[in-house]
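Colleague: Sharing protein_12.txt below, compact mmCIF, C-alpha atoms:
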```txt
# COMPACT_ATOMS: atom_id res chain seq x y z
CA MET A 160 5.35 30.62 -30.94
CA SER A 161 2.14 29.23 -29.44
CA LEU A 162 -0.62 31.63 -28.58
CA VAL A 163 -1.27 31.39 -24.84
CA PRO A 164 -4.54 32.98 -23.74
CA ASP A 165 -4.46 35.31 -20.74
CA THR A 166 -7.72 34.05 -19.27
CA ALA A 167 -10.05 31.05 -19.40
CA ASP A 168 -13.02 29.65 -17.56
CA VAL A 169 -11.05 26.46 -16.83
CA VAL A 170 -7.43 25.42 -17.10
CA VAL A 171 -6.79 21.68 -17.15
CA VAL A 172 -3.23 20.76 -16.16
CA GLY A 173 -2.13 17.46 -17.72
CA GLY A 174 -3.05 15.99 -21.08
CA GLY A 175 -3.46 12.31 -20.23
CA PRO A 176 -6.80 10.51 -20.69
CA GLY A 177 -8.42 12.17 -17.67
CA GLY A 178 -7.22 15.69 -18.36
CA ALA A 179 -7.97 15.59 -22.09
CA ALA A 180 -11.41 14.05 -21.47
CA THR A 181 -12.21 16.76 -18.93
CA ALA A 182 -11.18 19.46 -21.39
CA ALA A 183 -13.36 17.89 -24.08
CA ARG A 184 -16.43 17.72 -21.84
CA LEU A 185 -16.02 21.28 -20.55
CA ALA A 186 -15.40 22.77 -23.98
CA TYR A 187 -18.37 20.90 -25.44
CA ALA A 188 -20.52 22.41 -22.67
CA GLY A 189 -19.44 25.88 -23.81
CA LEU A 190 -16.80 26.71 -21.21
CA ASP A 191 -13.64 28.48 -22.36
CA THR A 192 -11.16 25.69 -21.64
CA VAL A 193 -7.37 25.44 -21.91
CA LEU A 194 -5.59 22.07 -21.77
CA LEU A 195 -1.89 22.20 -20.82
CA GLU A 196 0.39 19.25 -21.58
CA LYS A 197 4.05 19.40 -20.65
CA PHE A 198 5.29 17.40 -23.65
CA GLU A 199 4.39 17.58 -27.32
CA TYR A 200 2.02 14.92 -28.65
CA PRO A 201 2.57 12.12 -29.36
CA ARG A 202 4.53 11.31 -26.19
CA GLU A 203 5.10 8.16 -24.18
CA LYS A 204 3.77 7.38 -20.74
CA VAL A 205 4.66 4.56 -18.35
CA CYS A 206 1.57 2.39 -18.68
CA GLY A 207 0.53 -1.13 -19.59
CA ASP A 208 -1.55 0.31 -22.46
CA GLY A 209 -4.51 -1.90 -21.52
CA ILE A 210 -8.05 -0.57 -21.84
CA THR A 211 -10.45 -2.68 -19.77
CA PRO A 212 -14.13 -3.10 -20.67
CA ARG A 213 -14.92 -0.46 -18.03
CA ALA A 214 -12.51 1.96 -19.73
CA VAL A 215 -13.89 1.06 -23.16
CA LYS A 216 -17.34 2.16 -21.99
CA ALA A 217 -15.89 5.41 -20.63
CA LEU A 218 -14.29 6.12 -24.02
CA ASP A 219 -17.57 5.30 -25.74
CA ASP A 220 -19.45 7.64 -23.40
CA LEU A 221 -16.97 10.37 -24.25
CA GLY A 222 -17.63 9.92 -27.96
CA LEU A 223 -14.53 8.09 -29.15
CA SER A 224 -15.97 4.77 -30.30
CA HIS A 225 -15.02 5.71 -33.88
CA ARG A 226 -11.36 5.26 -32.85
CA PHE A 227 -11.78 1.69 -31.58
CA SER A 228 -10.92 0.18 -34.97
CA SER A 229 -7.46 1.77 -34.67
CA TYR A 230 -6.77 -0.07 -31.43
CA HIS A 231 -6.18 -3.78 -30.84
CA LYS A 232 -9.15 -5.77 -29.55
CA VAL A 233 -8.63 -8.31 -26.76
CA ILE A 234 -11.19 -10.85 -25.60
CA GLY A 235 -9.91 -11.56 -22.12
CA LEU A 236 -7.03 -12.49 -19.83
CA ARG A 237 -4.64 -15.40 -20.08
CA ALA A 238 -3.42 -16.10 -16.54
CA ILE A 239 -0.26 -18.19 -16.08
CA GLY A 240 1.28 -19.25 -12.81
CA TYR A 241 1.62 -21.93 -10.17
CA GLY A 242 1.89 -24.57 -12.89
CA GLN A 243 -1.43 -23.59 -14.47
CA ARG A 244 -2.57 -21.77 -17.59
CA LEU A 245 -6.12 -20.36 -17.81
CA GLU A 246 -7.85 -18.33 -20.52
CA LEU A 247 -10.54 -16.13 -18.97
CA PRO A 248 -12.89 -14.25 -21.34
CA TRP A 249 -14.22 -10.85 -20.34
CA PRO A 250 -17.70 -11.47 -18.89
CA ASP A 251 -20.99 -10.65 -20.58
CA HIS A 252 -22.43 -7.58 -18.89
CA PRO A 253 -25.50 -5.35 -19.33
CA VAL A 254 -23.42 -2.15 -19.09
CA TYR A 255 -19.83 -2.89 -20.08
CA PRO A 256 -18.73 -4.49 -23.36
CA SER A 257 -17.36 -8.03 -23.36
CA PHE A 258 -14.07 -6.92 -24.90
CA GLY A 259 -11.11 -4.76 -24.05
CA LEU A 260 -8.60 -2.85 -26.15
CA THR A 261 -4.92 -2.08 -26.16
CA SER A 262 -3.30 1.07 -27.50
CA PRO A 263 0.03 2.78 -26.87
CA ARG A 264 -0.59 5.80 -24.67
CA SER A 265 1.17 7.89 -27.30
CA MET A 266 -1.80 7.15 -29.58
CA LEU A 267 -4.62 7.09 -27.02
CA ASP A 268 -3.70 10.37 -25.33
CA SER A 269 -3.22 12.10 -28.68
CA ASP A 270 -6.62 10.88 -29.82
CA ILE A 271 -8.41 12.24 -26.76
CA ALA A 272 -6.52 15.54 -26.91
CA HIS A 273 -7.43 15.90 -30.59
CA PHE A 274 -11.05 15.23 -29.68
CA ALA A 275 -10.84 17.93 -26.99
CA LYS A 276 -9.59 20.35 -29.63
CA GLU A 277 -12.49 19.41 -31.90
CA CYS A 278 -14.84 20.15 -29.01
CA GLY A 279 -13.41 23.66 -28.75
CA ALA A 280 -10.68 23.41 -26.13
CA ALA A 281 -7.39 25.24 -26.61
CA VAL A 282 -4.85 22.41 -26.51
CA LEU A 283 -1.35 23.66 -25.64
CA ASP A 284 1.12 20.80 -25.74
CA GLY A 285 4.73 21.58 -24.96
CA HIS A 286 3.48 23.91 -22.22
CA GLU A 287 4.19 23.17 -18.58
CA ALA A 288 2.17 24.48 -15.65
CA THR A 289 5.01 25.31 -13.26
CA ARG A 290 3.08 26.54 -10.22
CA PRO A 291 -0.32 27.85 -9.18
CA LEU A 292 -1.08 31.53 -9.63
CA VAL A 293 -2.14 32.73 -6.19
CA VAL A 294 -3.28 36.31 -5.58
CA ASN A 295 -3.97 37.49 -2.03
CA GLY A 296 -4.20 33.88 -0.89
CA VAL A 297 -6.71 32.91 -3.61
CA LEU A 298 -5.99 30.51 -6.48
CA ARG A 299 -6.42 32.49 -9.70
CA GLY A 300 -4.82 30.26 -12.33
CA VAL A 301 -1.37 28.94 -13.22
CA HIS A 302 2.08 30.03 -14.32
CA VAL A 303 2.96 28.48 -17.69
CA LEU A 304 6.27 27.79 -19.39
CA ASP A 305 6.43 27.36 -23.17
CA LYS A 306 9.02 24.57 -23.36
CA LYS A 307 10.09 25.55 -26.90
CA SER A 308 10.45 29.33 -26.57
CA LEU A 309 11.11 29.28 -22.80
CA MET A 310 8.66 32.16 -22.49
CA GLN A 311 6.77 32.30 -19.20
CA ARG A 312 3.19 33.51 -18.95
CA THR A 313 0.23 33.29 -16.61
CA ILE A 314 -3.28 32.13 -17.38
CA GLU A 315 -6.01 33.34 -15.07
CA ALA A 316 -8.91 30.94 -14.67
CA GLU A 317 -12.04 30.60 -12.61
CA PHE A 318 -11.45 26.85 -12.16
CA LEU A 319 -8.43 24.55 -12.24
CA VAL A 320 -8.41 20.80 -12.93
CA VAL A 321 -5.30 19.01 -11.64
CA ALA A 322 -4.56 16.03 -13.87
CA ASP A 323 -0.77 16.09 -13.98
CA GLY A 324 -0.18 12.51 -12.90
CA SER A 325 1.18 10.61 -9.95
CA LEU A 326 3.91 13.13 -9.08
CA SER A 327 1.49 16.07 -9.50
CA ARG A 328 3.58 19.18 -9.05
CA ILE A 329 0.48 21.39 -9.04
CA GLY A 330 -1.39 19.11 -6.65
CA ARG A 331 1.48 19.18 -4.17
CA ALA A 332 1.69 22.96 -4.44
CA LEU A 333 -2.00 23.11 -3.51
CA GLY A 334 -1.39 20.97 -0.41
CA ALA A 335 -2.30 17.50 -1.69
CA VAL A 336 -0.43 14.72 0.14
CA ARG A 337 -0.45 10.94 -0.27
CA ASP A 338 -1.38 8.86 2.79
CA ARG A 339 1.60 6.53 3.09
CA ALA A 340 -0.44 3.97 5.02
CA TYR A 341 -1.93 2.97 1.66
CA PRO A 342 -0.01 0.59 -0.61
CA MET A 343 1.50 1.95 -3.78
CA GLY A 344 2.48 0.25 -7.01
CA ILE A 345 5.93 0.29 -8.58
CA ALA A 346 5.91 -0.54 -12.28
CA MET A 347 8.24 -0.80 -15.24
CA ARG A 348 7.45 -1.47 -18.87
CA GLY A 349 9.08 -1.69 -22.26
CA TYR A 350 8.09 -2.18 -25.90
CA TYR A 351 9.34 -5.17 -27.88
CA GLN A 352 8.84 -6.42 -31.42
CA SER A 353 6.97 -9.71 -31.39
CA PRO A 354 5.42 -12.07 -33.96
CA LYS A 355 2.45 -12.47 -31.58
CA ASP A 356 1.47 -8.79 -31.58
CA ARG A 357 -2.10 -9.68 -32.64
CA ASP A 358 -2.74 -12.25 -29.93
CA PRO A 359 -6.38 -11.79 -28.76
CA TRP A 360 -5.51 -12.22 -25.07
CA ILE A 361 -3.68 -9.95 -22.67
CA GLU A 362 -1.46 -12.09 -20.50
CA ALA A 363 -0.54 -11.97 -16.80
CA ARG A 364 2.07 -14.15 -15.13
CA LEU A 365 1.48 -14.46 -11.44
CA ASP A 366 4.56 -16.16 -10.02
CA LEU A 367 7.26 -13.50 -9.99
CA SER A 368 9.80 -13.98 -7.21
CA HIS A 369 12.73 -12.31 -5.52
CA ARG A 370 15.47 -14.32 -3.79
CA GLY A 371 13.25 -17.38 -3.77
CA GLU A 372 10.23 -15.59 -2.30
CA ARG A 373 7.05 -14.95 -4.29
CA LEU A 374 6.20 -11.31 -4.77
CA PRO A 375 2.84 -9.49 -4.66
CA ALA A 376 3.47 -8.65 -8.28
CA TYR A 377 2.65 -9.74 -11.77
CA GLY A 378 4.22 -9.53 -15.16
CA TRP A 379 2.10 -8.52 -18.12
CA ILE A 380 2.24 -8.92 -21.87
CA PHE A 381 -0.20 -6.75 -23.79
CA PRO A 382 -0.20 -7.26 -27.58
CA LEU A 383 -0.65 -3.96 -29.42
CA GLY A 384 -1.45 -5.17 -32.93
CA ASP A 385 1.20 -2.96 -34.53
CA GLY A 386 4.09 -5.41 -34.55
CA SER A 387 4.92 -4.78 -30.89
CA ILE A 388 3.93 -5.85 -27.40
CA ASN A 389 3.98 -3.97 -24.10
CA VAL A 390 5.84 -6.02 -21.48
CA GLY A 391 6.07 -4.93 -17.88
CA VAL A 392 6.15 -5.80 -14.20
CA GLY A 393 4.25 -4.29 -11.29
CA LEU A 394 5.00 -4.68 -7.59
CA LEU A 395 2.99 -3.66 -4.51
CA THR A 396 4.68 -1.87 -1.62
CA SER A 397 2.63 -3.96 0.81
CA TYR A 398 5.56 -6.40 0.54
CA LYS A 399 7.91 -5.47 3.36
CA GLY A 400 11.02 -6.01 1.27
CA TRP A 401 9.86 -4.03 -1.76
CA LYS A 402 12.71 -1.52 -1.51
CA GLU A 403 15.21 -4.34 -2.03
CA VAL A 404 13.63 -5.39 -5.32
CA ASN A 405 15.39 -3.98 -8.38
CA THR A 406 12.49 -3.53 -10.81
CA ALA A 407 14.82 -3.10 -13.80
CA ARG A 408 16.38 -6.48 -13.05
CA LEU A 409 12.94 -7.97 -12.40
CA GLN A 410 11.86 -6.65 -15.82
CA ASP A 411 14.85 -8.21 -17.58
CA THR A 412 14.33 -11.53 -15.83
CA PHE A 413 10.67 -11.50 -16.82
CA VAL A 414 11.42 -10.71 -20.47
CA GLU A 415 13.90 -13.60 -20.54
CA ALA A 416 11.26 -15.92 -19.08
CA ILE A 417 8.61 -15.07 -21.69
CA GLY A 418 11.11 -14.94 -24.56
CA PRO A 419 10.44 -18.42 -25.98
CA ASP A 420 6.67 -17.87 -26.02
CA TRP A 421 6.64 -14.33 -27.37
CA GLY A 422 9.84 -14.21 -29.42
CA VAL A 423 11.56 -11.45 -27.43
CA LEU A 424 14.83 -10.82 -25.63
CA PRO A 425 15.75 -7.98 -23.20
CA GLU A 426 18.17 -6.52 -25.75
CA ASP A 427 15.38 -6.38 -28.35
CA ALA A 428 13.57 -3.54 -26.58
CA ILE A 429 12.35 -0.90 -29.04
CA SER A 430 13.21 1.77 -26.48
CA LYS A 431 14.71 1.77 -23.02
CA PRO A 432 12.18 0.42 -20.46
CA LYS A 433 10.72 3.07 -18.17
CA GLY A 434 9.33 2.92 -14.65
CA GLY A 435 6.99 4.87 -12.43
CA LYS A 436 5.00 4.94 -9.20
CA LEU A 437 1.28 4.24 -8.97
CA PRO A 438 -0.62 5.92 -6.09
CA MET A 439 -3.71 3.87 -5.34
CA GLY A 440 -7.04 3.81 -3.57
CA LEU A 441 -7.80 7.57 -3.52
CA ALA A 442 -4.94 7.91 -1.01
CA ILE A 443 -4.24 11.56 -1.89
CA ASP A 444 -5.96 14.38 0.01
CA PRO A 445 -7.28 16.95 -0.35
CA LYS A 446 -8.69 16.20 -3.79
CA ALA A 447 -10.43 19.55 -4.18
CA GLY A 448 -10.56 23.16 -3.09
CA ALA A 449 -12.94 26.04 -3.60
CA ASN A 450 -12.07 26.25 -7.29
CA TRP A 451 -9.94 23.21 -8.12
CA LEU A 452 -10.38 19.46 -8.45
CA ALA A 453 -7.86 16.62 -8.85
CA ILE A 454 -8.56 13.61 -11.04
CA GLY A 455 -6.88 10.41 -12.20
CA ASP A 456 -3.43 9.57 -10.88
CA ALA A 457 -3.21 13.03 -9.28
CA ALA A 458 -6.06 11.87 -7.01
CA ALA A 459 -4.59 8.36 -6.57
CA GLY A 460 -7.42 6.94 -8.63
CA ILE A 461 -5.66 3.66 -9.44
CA ASN A 462 -7.08 0.18 -8.85
CA ALA A 463 -4.90 -1.75 -6.37
CA PHE A 464 -6.12 -5.08 -7.79
CA THR A 465 -4.57 -4.42 -11.20
CA GLY A 466 -2.74 -1.08 -11.27
CA GLU A 467 -5.19 0.14 -13.93
CA GLY A 468 -6.02 3.82 -14.00
CA ILE A 469 -7.25 4.83 -17.46
CA GLY A 470 -10.91 4.01 -16.90
CA TYR A 471 -11.03 5.73 -13.52
CA ALA A 472 -9.39 8.86 -14.91
CA LEU A 473 -12.04 8.99 -17.63
CA GLU A 474 -14.85 8.47 -15.13
CA MET A 475 -13.46 11.11 -12.77
CA ALA A 476 -13.27 13.47 -15.76
CA GLU A 477 -17.03 13.14 -16.15
CA ILE A 478 -17.68 13.69 -12.42
CA ALA A 479 -15.35 16.71 -12.24
CA SER A 480 -16.76 18.24 -15.42
CA GLU A 481 -20.34 18.00 -14.21
CA MET A 482 -19.43 19.68 -10.93
CA ILE A 483 -17.57 22.52 -12.63
CA ILE A 484 -20.37 23.07 -15.15
CA ASP A 485 -22.92 23.17 -12.34
CA SER A 486 -20.81 25.58 -10.27
CA LYS A 487 -20.32 27.83 -13.27
CA ARG A 488 -24.05 27.81 -14.00
CA ARG A 489 -24.94 28.68 -10.39
CA GLY A 490 -22.12 31.20 -10.04
CA LYS A 491 -20.90 29.55 -6.86
CA ALA A 492 -17.67 27.98 -5.62
CA LEU A 493 -17.15 24.25 -5.87
CA CYS A 494 -18.33 22.15 -2.96
CA GLN A 495 -15.10 20.32 -2.26
CA THR A 496 -16.71 18.03 0.30
CA GLU A 497 -19.29 17.01 -2.29
CA TYR A 498 -16.56 15.99 -4.72
CA ALA A 499 -14.78 13.89 -2.10
CA ARG A 500 -18.10 12.36 -1.05
CA THR A 501 -19.01 11.54 -4.64
CA LEU A 502 -15.71 9.77 -5.25
CA GLN A 503 -16.15 7.88 -2.00
CA ASN A 504 -19.64 6.77 -2.97
CA PHE A 505 -18.48 5.68 -6.42
CA TYR A 506 -15.25 3.95 -5.49
CA GLY A 507 -14.76 3.86 -1.71
CA PRO A 508 -15.93 0.32 -0.82
CA TYR A 509 -14.32 -1.20 -3.90
CA TYR A 510 -10.99 0.53 -3.29
CA LYS A 511 -11.08 -0.51 0.36
CA ALA A 512 -11.52 -4.12 -0.73
CA ALA A 513 -8.60 -3.71 -3.13
CA GLN A 514 -6.50 -2.22 -0.33
CA LEU A 515 -7.27 -5.22 1.88
CA PHE A 516 -6.33 -7.56 -0.95
CA ALA A 517 -3.04 -5.71 -1.48
CA TYR A 518 -2.25 -5.95 2.21
CA LEU A 519 -2.99 -9.69 2.36
CA ILE A 520 -0.97 -10.69 -0.70
CA GLY A 521 1.93 -8.64 0.63
CA LYS A 522 2.50 -11.62 2.95
CA PRO A 523 4.29 -14.32 0.89
CA LYS A 524 2.64 -17.28 2.64
CA LEU A 525 -0.87 -15.92 2.05
CA LEU A 526 0.03 -15.02 -1.52
CA ASP A 527 1.26 -18.55 -2.12
CA LEU A 528 -1.95 -20.00 -0.68
CA PHE A 529 -4.21 -17.72 -2.72
CA GLY A 530 -2.25 -18.41 -5.89
CA LYS A 531 -2.20 -22.18 -5.55
CA VAL A 532 -5.91 -22.42 -4.71
CA GLY A 533 -7.08 -19.82 -7.21
CA MET A 534 -5.14 -21.06 -10.21
CA ARG A 535 -6.52 -24.58 -9.80
CA SER A 536 -10.03 -23.30 -10.48
CA LYS A 537 -11.18 -21.51 -13.62
CA GLY A 538 -14.37 -20.56 -11.75
CA ILE A 539 -12.44 -18.79 -8.99
CA MET A 540 -10.20 -16.98 -11.45
CA SER A 541 -13.16 -15.96 -13.62
CA TRP A 542 -14.73 -14.46 -10.51
CA PHE A 543 -11.46 -12.72 -9.68
CA LEU A 544 -11.34 -11.24 -13.20
CA VAL A 545 -14.79 -9.73 -12.57
CA VAL A 546 -13.60 -8.32 -9.24
CA ALA A 547 -10.21 -7.07 -10.45
CA GLY A 548 -11.77 -5.54 -13.55
CA HIS A 549 -14.43 -3.80 -11.43
CA LEU A 550 -17.14 -5.43 -13.54
CA GLY A 551 -19.72 -6.49 -10.97
CA ASN A 552 -23.31 -6.81 -12.20
CA PRO A 553 -25.97 -5.92 -9.60
CA LEU A 554 -28.69 -7.47 -11.78
CA ASP A 555 -26.95 -10.84 -11.92
CA ARG A 556 -28.27 -13.28 -9.32
CA GLY A 557 -25.46 -15.75 -9.93
CA ALA A 558 -22.94 -16.71 -7.29
CA VAL A 559 -20.14 -14.65 -8.84
CA SER A 560 -21.98 -11.34 -8.61
CA ARG A 561 -23.54 -12.13 -5.23
CA LEU A 562 -20.11 -12.74 -3.74
CA TYR A 563 -18.73 -9.60 -5.43
CA TYR A 564 -21.37 -7.35 -3.87
CA THR A 565 -21.24 -9.13 -0.51
CA ILE A 566 -17.57 -8.10 -0.25
CA GLU A 567 -18.44 -4.47 -0.98
CA LYS A 568 -21.23 -4.51 1.61
CA VAL A 569 -18.91 -5.94 4.28
CA ILE A 570 -16.27 -3.30 3.54
CA LYS A 571 -18.89 -0.56 3.67
CA ALA A 572 -20.30 -1.82 6.99
CA TYR A 573 -16.90 -2.49 8.55
CA PRO A 574 -14.38 -0.17 6.87
CA SER A 575 -11.77 -0.92 9.50
CA VAL A 576 -11.16 -4.37 8.01
CA ALA A 577 -9.29 -2.67 5.18
CA ALA A 578 -7.62 0.01 7.23
```
Rewrite the structure of this file - the entire thing - as structure tokens.
Modeller:
Amino acid sequence: MSLVPDTADVVVVGGGPGGAATAARLAYAGLDTVLLEKFEYPREKVCGDGITPRAVKALDDLGLSHRFSSYHKVIGLRAIGYGQRLELPWPDHPVYPSFGLTSPRSMLDSDIAHFAKECGAAVLDGHEATRPLVVNGVLRGVHVLDKKSLMQRTIEAEFLVVADGSLSRIGRALGAVRDRAYPMGIAMRGYYQSPKDRDPWIEARLDLSHRGERLPAYGWIFPLGDGSINVGVGLLTSYKGWKEVNTARLQDTFVEAIGPDWGVLPEDAISKPKGGKLPMGLAIDPKAGANWLAIGDAAAGINAFTGEGIGYALEMAEIASEMIIDSKRRGKALCQTEYARTLQNFYGPYYKAAQLFAYLIGKPKLLDLFGKVGMRSKGIMSWFLVVAGHLGNPLDRGAVSRLYYTIEKVIKAYPSVAA
């Protein structure tokens, strides 16, 4: 039976990249930290398994560069659609590396959790935080269920980090609600054996359709370098008919379409494809209280351009950790408005631009126009890769970066254009 401590400085709920990274940073700083993960490692997560250059830097900052050789290196994006095929390398950048990685989340999450344990955190996998522990109206910790023994305990903590994903049971119990005016992503993915598992490009196909109408969606193929590929589809709810789209059928149709190129068939799935919802654009509020903070998917920290969330979860882990460490040092409650303001300063204009993009491509005629024009120009699509990957370079005086930052400035000056 696992030893569950009665008290801690911080309890982190959720052992994905954001939660495990937060636990590692807090434990390294000397705080008594407990990381709770509902399932036992290694466990699967619905994800494309892509690690963008921005996320690679976040992993490096955390101290995990020694694990990069265990992952598959990718040099850029192969975009296919509208009769065109373009190979777009990741850009050279003064801050971010010019390569990405792929890794099954079962491996990545286990690696970060193991690192958190090395840093001194108590890592309790197979332990589910079932509800907040509230005493006299004050959050004091969490109730915990040991999934193996079915024993229930409580852990009292001074601070709580909510990192339990898009459905966030603990976040909802603390009053967090998603603003439904924001678009959301619906995704499904599966693993397939493929002879092209070491392809150096991740691939996106941009012309998915439903009943003859193009969708604001894309299909991805991410080679994993272990004999398998991650194949999936993602759809934005900015499309008015999104509820009529059967994502399981869309997934099967997509796998059939890529079969000749990648050597796969729907019936060759290694395991049954799984789906999930992707809250985007920081659309969940509140994201903090007097002694708790939400990060990653639990704070809707997903990029609406791509559906990517790993890098943002890792970055939010750093922001949240610094705030908790500072509050602990000063002996004061968290400034929840400061956390929300910090996230807004870091991501607000960019996420607003992504929200506007999601809204526009939700209209099939505009999507068709953007796709036909964009895919005829490698320059345009290279610029879009910079934008979608959140890889702008403020020191670059070239047209690509100037246009990138002009968009952010317009959104910041006139936020209503993305409302």
Colleague: How far is it from CA of Ile329 (chain A) to CA of Gly460 (chain A), in Å with one decimal?
Modeller: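 Rounded to one decimal, the two atoms are 16.5 Å apart.
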Colleague: Please compute the CA of Gly434 (chain A)-CA of Gly393 (chain A) distance, one decimal, in Å.
Modeller: 9.4 Å
Colleague: So that each row is one residue of region 182-274 of chain A with an atom at most 9 Å from region 539-548 of chain A, can you give its shortest atom pair and the distance in Å to one decimal, using all atoms listed in the file, rows by chain and rising number, as CSV?
Modeller:
```
residue,atom,partner,partner_atom,distance
A:Thr211,CA,A:Gly548,CA,7.0
A:Pro212,CA,A:Gly548,CA,7.9
A:Arg213,CA,A:Gly548,CA,7.5
A:Leu236,CA,A:Leu544,CA,8.0
A:Ala238,CA,A:Met540,CA,8.5
A:Leu245,CA,A:Met540,CA,8.3
A:Leu247,CA,A:Ser541,CA,6.0
A:Pro248,CA,A:Ser541,CA,7.9
A:Trp249,CA,A:Leu544,CA,7.7
A:Pro250,CA,A:Val545,CA,7.2
```
Colleague: Just want the 9 Å neighbourhood of Met482 (chain A), counted on all atoms listed in the file, with same-chain residues fewer than 3 positions away dropped. Output as a list in words.
Modeller: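 With the cut-off at 9 Å, the set is Glu477, Ile478, Ala479, Asp485, Ser486, Lys487, Leu493, Cys494 and Tyr498 of chain A.
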Colleague: What does the distance from CA of Val303 (chain A) to CA of Gly279 (chain A) come to in Å, to one decimal?
Modeller: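 Between CA of Val303 (chain A) and CA of Gly279 (chain A) the gap works out to 20.3 Å.
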Colleague: Neighbours of Met266 (chain A) within 9 Å (all atoms listed in the file; same-chain residues fewer than 3 positions away dropped), as a ChimeraX atom specification?
Modeller: /A:200-203,230,262-263,269-271
Colleague: Set the distance at 7 Å and use only C-alpha atoms: which residues neighbour Val336 (chain A) once local chain neighbours fewer than 2 positions away are removed? I'd like the list as a list in words.
Modeller: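 Counting only C-alpha atoms, the residues come to Arg331, Gly334, Asp338, Ile443 and Asp444 of chain A.
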Colleague: Give the answer as one residue: which of A:Gly391, A:Gly235, A:Gly551, A:Gly178 has the shortest atom-to-atom distance to Leu452 (chain A), using only C-alpha atoms?
Modeller: A:Gly178
Colleague: Kindly indicate which residue among A:Cys278, A:Ala492, A:Leu260, A:Met310 lies nearest to Leu185 (chain A), using only C-alpha atoms for the distances.
Modeller: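 Selected residue with least distance to Leu185 (chain A): A:Cys278.
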Colleague: Between A:Asp305, A:Asp208, A:Glu403, A:Asp323, which is the closest to Gly259 (chain A) once you count all atoms listed in the file?
Modeller: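 So, comparing all the options, the nearest one is A:Asp208.
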Colleague: Looking at only C-alpha atoms, which of A:Lys355, A:Lys436, A:Arg244, A:Arg237 is the one that sits closest to Gly422 (chain A)?
Modeller: A:Lys355
Colleague: When you count only C-alpha atoms, which of these residues is closest to Arg312 (chain A): A:Leu298, A:Val254, A:Leu292, A:Met439?
Modeller: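 Result for the nearest residue to Arg312 (chain A): A:Leu292.
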Colleague: Compare A:Pro419, A:Gly466, A:Gly324, A:Gly371 by their minimum atom-to-atom distance to Gly344 (chain A), counting all atoms listed in the file, and give me the closest one.
Modeller: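 Checking each candidate against Gly344 (chain A), we get A:Gly466 as the closest.
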Colleague: Name all residues at most 9 Å from Thr181 (chain A) (count only C-alpha atoms; drop same-chain ones fewer than 3 positions away) and give them as a VMD selection string.
Modeller: chain A and resid 171 176 to 178 184 to 186 194 275 320 473 475 to 477 479 to 480
Colleague: For region 473-481 of chain A, supply N, CA, C and O atoms and report the output as a PDB file, in the frame of the given file.
Modeller:
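And here is the file that came out, out06.pdb:
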```pdb
ATOM      1  N   LEU A 473     -10.963   8.568 -16.736  1.00  0.00           N
ATOM      2  CA  LEU A 473     -12.040   8.990 -17.630  1.00  0.00           C
ATOM      3  C   LEU A 473     -13.346   9.192 -16.880  1.00  0.00           C
ATOM      4  O   LEU A 473     -14.109  10.121 -17.171  1.00  0.00           O
ATOM      5  N   GLU A 474     -13.620   8.326 -15.919  1.00  0.00           N
ATOM      6  CA  GLU A 474     -14.850   8.470 -15.130  1.00  0.00           C
ATOM      7  C   GLU A 474     -14.775   9.701 -14.225  1.00  0.00           C
ATOM      8  O   GLU A 474     -15.751  10.440 -14.078  1.00  0.00           O
ATOM      9  N   MET A 475     -13.618   9.920 -13.611  1.00  0.00           N
ATOM     10  CA  MET A 475     -13.460  11.110 -12.770  1.00  0.00           C
ATOM     11  C   MET A 475     -13.575  12.381 -13.608  1.00  0.00           C
ATOM     12  O   MET A 475     -14.041  13.414 -13.119  1.00  0.00           O
ATOM     13  N   ALA A 476     -13.136  12.316 -14.867  1.00  0.00           N
ATOM     14  CA  ALA A 476     -13.270  13.470 -15.760  1.00  0.00           C
ATOM     15  C   ALA A 476     -14.743  13.854 -15.909  1.00  0.00           C
ATOM     16  O   ALA A 476     -15.090  15.041 -15.919  1.00  0.00           O
ATOM     17  N   GLU A 477     -15.602  12.862 -16.021  1.00  0.00           N
ATOM     18  CA  GLU A 477     -17.030  13.140 -16.150  1.00  0.00           C
ATOM     19  C   GLU A 477     -17.592  13.750 -14.862  1.00  0.00           C
ATOM     20  O   GLU A 477     -18.343  14.732 -14.894  1.00  0.00           O
ATOM     21  N   ILE A 478     -17.201  13.181 -13.719  1.00  0.00           N
ATOM     22  CA  ILE A 478     -17.680  13.690 -12.420  1.00  0.00           C
ATOM     23  C   ILE A 478     -17.212  15.135 -12.220  1.00  0.00           C
ATOM     24  O   ILE A 478     -17.991  16.022 -11.869  1.00  0.00           O
ATOM     25  N   ALA A 479     -15.915  15.370 -12.447  1.00  0.00           N
ATOM     26  CA  ALA A 479     -15.350  16.710 -12.240  1.00  0.00           C
ATOM     27  C   ALA A 479     -15.985  17.717 -13.188  1.00  0.00           C
ATOM     28  O   ALA A 479     -16.310  18.846 -12.789  1.00  0.00           O
ATOM     29  N   SER A 480     -16.173  17.332 -14.439  1.00  0.00           N
ATOM     30  CA  SER A 480     -16.760  18.240 -15.420  1.00  0.00           C
ATOM     31  C   SER A 480     -18.168  18.649 -15.030  1.00  0.00           C
ATOM     32  O   SER A 480     -18.528  19.837 -15.111  1.00  0.00           O
ATOM     33  N   GLU A 481     -18.958  17.690 -14.603  1.00  0.00           N
ATOM     34  CA  GLU A 481     -20.340  18.000 -14.210  1.00  0.00           C
ATOM     35  C   GLU A 481     -20.372  18.970 -13.040  1.00  0.00           C
ATOM     36  O   GLU A 481     -21.204  19.880 -13.003  1.00  0.00           O
TER      37      GLU A 481
END
```
